[in-house]
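> Sending over a structure as structure tokens; questions will come in a sec.
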Amino acid sequence: MIKKHLLLVLLFLISQLSAKANFNFDNNCIDAYKAAFGFRINEAKLLVQKERQQNPQNGITILLDNYIDYFSLLASENKTEYEKLKDRKSIRISALEENDKNSPYYLFSQAEVYLQWGLLKGKFGDYFSSSIDLKKAYNLLKENEEKYPDFLPNQKSIGLINVIFGSLPSNLKSISRFLGMTGNVQAGIKQLEVLRTELPKTKYNFYKDEVVFFLCNIDMDILHNQNNYAKLIPYLSGMDNNSLLKVYLQGYVAYKTAHNEEAIAFLSVDPKSNQYIDIPGIPYLLGNAKLNRMDSDAHVYLFKYIKVYNGTNYIKDTYLKLAYYYLLQNDTEKYLYFLKLVKSKGYAIDEKDKQALREANDAKPDIDLLKTRFYFDGGYYNKALAQIEKKDINDFKLLRDKIEFYYRLGRIYDKTEKFNDAVINYQRAINLGKTAKYYYAANAAVRAGSIFEQRKDYNRAADYYNQALDMKDHEYQSSIDNDAKEGLKRINK
């Protein structure tokens, strides 16, 4: 009887030891991570549930729960869902703090939760709280780096935070200074590029797609680099073919780099299955790309975006594109109808929506300039030039259209490598529009600066970048100022 009792106690102790809290990124967890990353959210949830049943003390399941919320909110941009879910951060941090303190995932997993909610808070406009979470993430990562210098996943998130704080717009710099946080965009990118090549050689190779995701977004949204299609598409070709995020990123990179035909091809083959959650950004990009090509069905995809999207961004912009679609179809009644919706629907938070509202309240666009704009955005430079090359400045009555005429010519010549003609027209746009509210003159100055930077004529480049910064109270002020400042940083190294 005593022996039997001792055996039961021993079995109990063994079971307790085996159930001790731990971090184990096993194959099941890797599959769950890949499913969440590929926007197969239901599959990810089932795999996490399976892992929790088999290994109830595995702290990685807490991190995976956060990934599921993170990618769900990235896709939907649903403010109501964000408000409902954001309190889960502190619950998960508390749960992770009770886990194995001797694992490199102990501090890292907490940092990831802070990082992901910091990114989401920034996306939903909670900038101060976002910065606090990002600083907490950074501090945890640096502490973990000291303890585990060979733990490569640290570098993934440190590199990203370096880029974020190095690229904050001027109106948010005071927050980073208050928190004592500085960043360096180029250093952060270098960290991520090194990691992209190093990870496949290690047991952490499943993180490679996330690094590529960061690099693509940095290149498109922070650096506004329109010349890296040939570099980024091979990065993306190596991503999991079952990932809906791969489809979106390929289309996004192609669209943002004016590879319009490729963008339409990528975005038209998104997997149609109920295992994937909707990414409203796909019909939005596809509708815009088709409008650039003047396709007759462009409105179908723009309408779909309005129908499936529950967030706050690009609603006004999409209604404006619908208005322009019908204007190009010579349907004045529908043009005016959708112009009213620009003014009454959506939110003027994002730069594009602010711009859409300004355009809706301005005079009707010149049809030739409008077609030039769409053809140019799609990379159809010959068609764009054909639309206005026989025009003269005196063909336009409005100052806005005169400035845009020179600006569009400058942009077309720039892209077709007729740089002297580009600079001439950029300078004309600057002369005519430097005190106007339109963005054409300021962006012309940045573009001219870029031409001289490439020529290594750094004095003239700096002069143009400073001209851009001297122009105030114009459209896209923050992003154009950022581009000018980044240009000055590059040439002053």
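Ligands are numbered from 1 in the order shown, residues from 1 within each chain, and chains are lettered A, B, ... in the order they appear in the structure tokens.
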With range 68-72 of chain A as the partner and 12 Å as the cut-off, tabulate the residues of range 175-249 of chain A that qualify, each row holding the nearest pair of atoms and their distance in Å to one decimal, using only C-alpha atoms, sorted by chain and rising number, as a Markdown table.

| residue | atom | partner | partner_atom | distance |
| --- | --- | --- | --- | --- |
| A:Glu210 | CA | A:Phe71 | CA | 11.6 |
| A:Leu244 | CA | A:Phe71 | CA | 11.4 |
| A:Leu245 | CA | A:Phe71 | CA | 9.7 |
> May I have the residues within 7 Å of range 126-133 of chain A as a ChimeraX atom specification, using only C-alpha atoms and disregarding those fewer than 3 positions away in the same chain?
/A:114-115,118-119,121-122,136-137,175
> Tell me, in Å to one decimal, how far CA of Val212 in chain A is from CA of Ser268 in chain A.
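Computed distance, CA of Val212 in chain A to CA of Ser268 in chain A, equals 21.9 Å.
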> Applying 10 Å and only C-alpha atoms, which residues near range 33-46 of chain A remain after dropping the ones on its own chain fewer than 5 positions away? List them as a VMD selection string.
chain A and resid 25 27 to 28 51 to 52 60 to 61 63 to 72 74 to 75 206 to 207 209 to 210 213 239 to 247 273 to 279
> Neighbouring residues of Asn492 in chain A were defined as those with any atom within 12 Å, considering only C-alpha atoms; residues of the same chain fewer than 5 positions away were excluded. Please report them as a list in words.
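Using only C-alpha atoms, the neighbours found are Glu453, Lys456, Tyr458, Asn459, Ala461, Ala462, Tyr465, Lys485, Glu486 and Gly487 of chain A.
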> Give me the residues near Lys345 in chain A as an NGL selection string, where near means some atom within 9 Å (using only C-alpha atoms) and where sequence neighbours in that chain fewer than 3 positions away do not count.
:A and (315-316 or 319 or 340-342)
> Could you list, as a list in words, every residue within 6 Å of range 302-305 of chain A, counting only C-alpha atoms and ignoring same-chain residues fewer than 6 positions away?
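So, after excluding close chain neighbours, the residues are Pro280, Pro283, Tyr284 and Gly287 of chain A.
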> How far is it from CA of Leu336 in chain A to CA of Asp295 in chain A, in Å with one decimal?
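Distance between the two atoms: 20.6 Å.
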> Give me, please, the distance in Å between CA of Val300 in chain A and CA of Leu357 in chain A, quoted to one decimal.
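If I compute the distance from CA of Val300 in chain A to CA of Leu357 in chain A, I get 22.0 Å.
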> Between A:Ile393, A:Ala384, A:Lys352, A:Asp366, single out the one closest to Gln477 in chain A, counting only C-alpha atoms.
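Of A:Ile393, A:Ala384, A:Lys352, A:Asp366, the one nearest Gln477 in chain A is A:Lys352, counting only C-alpha atoms.
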> So, counting only C-alpha atoms, which residue among A:Tyr407, A:Tyr229, A:Tyr301, A:Tyr413 is closest to Ala445 in chain A?
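Closest candidate: A:Tyr407.
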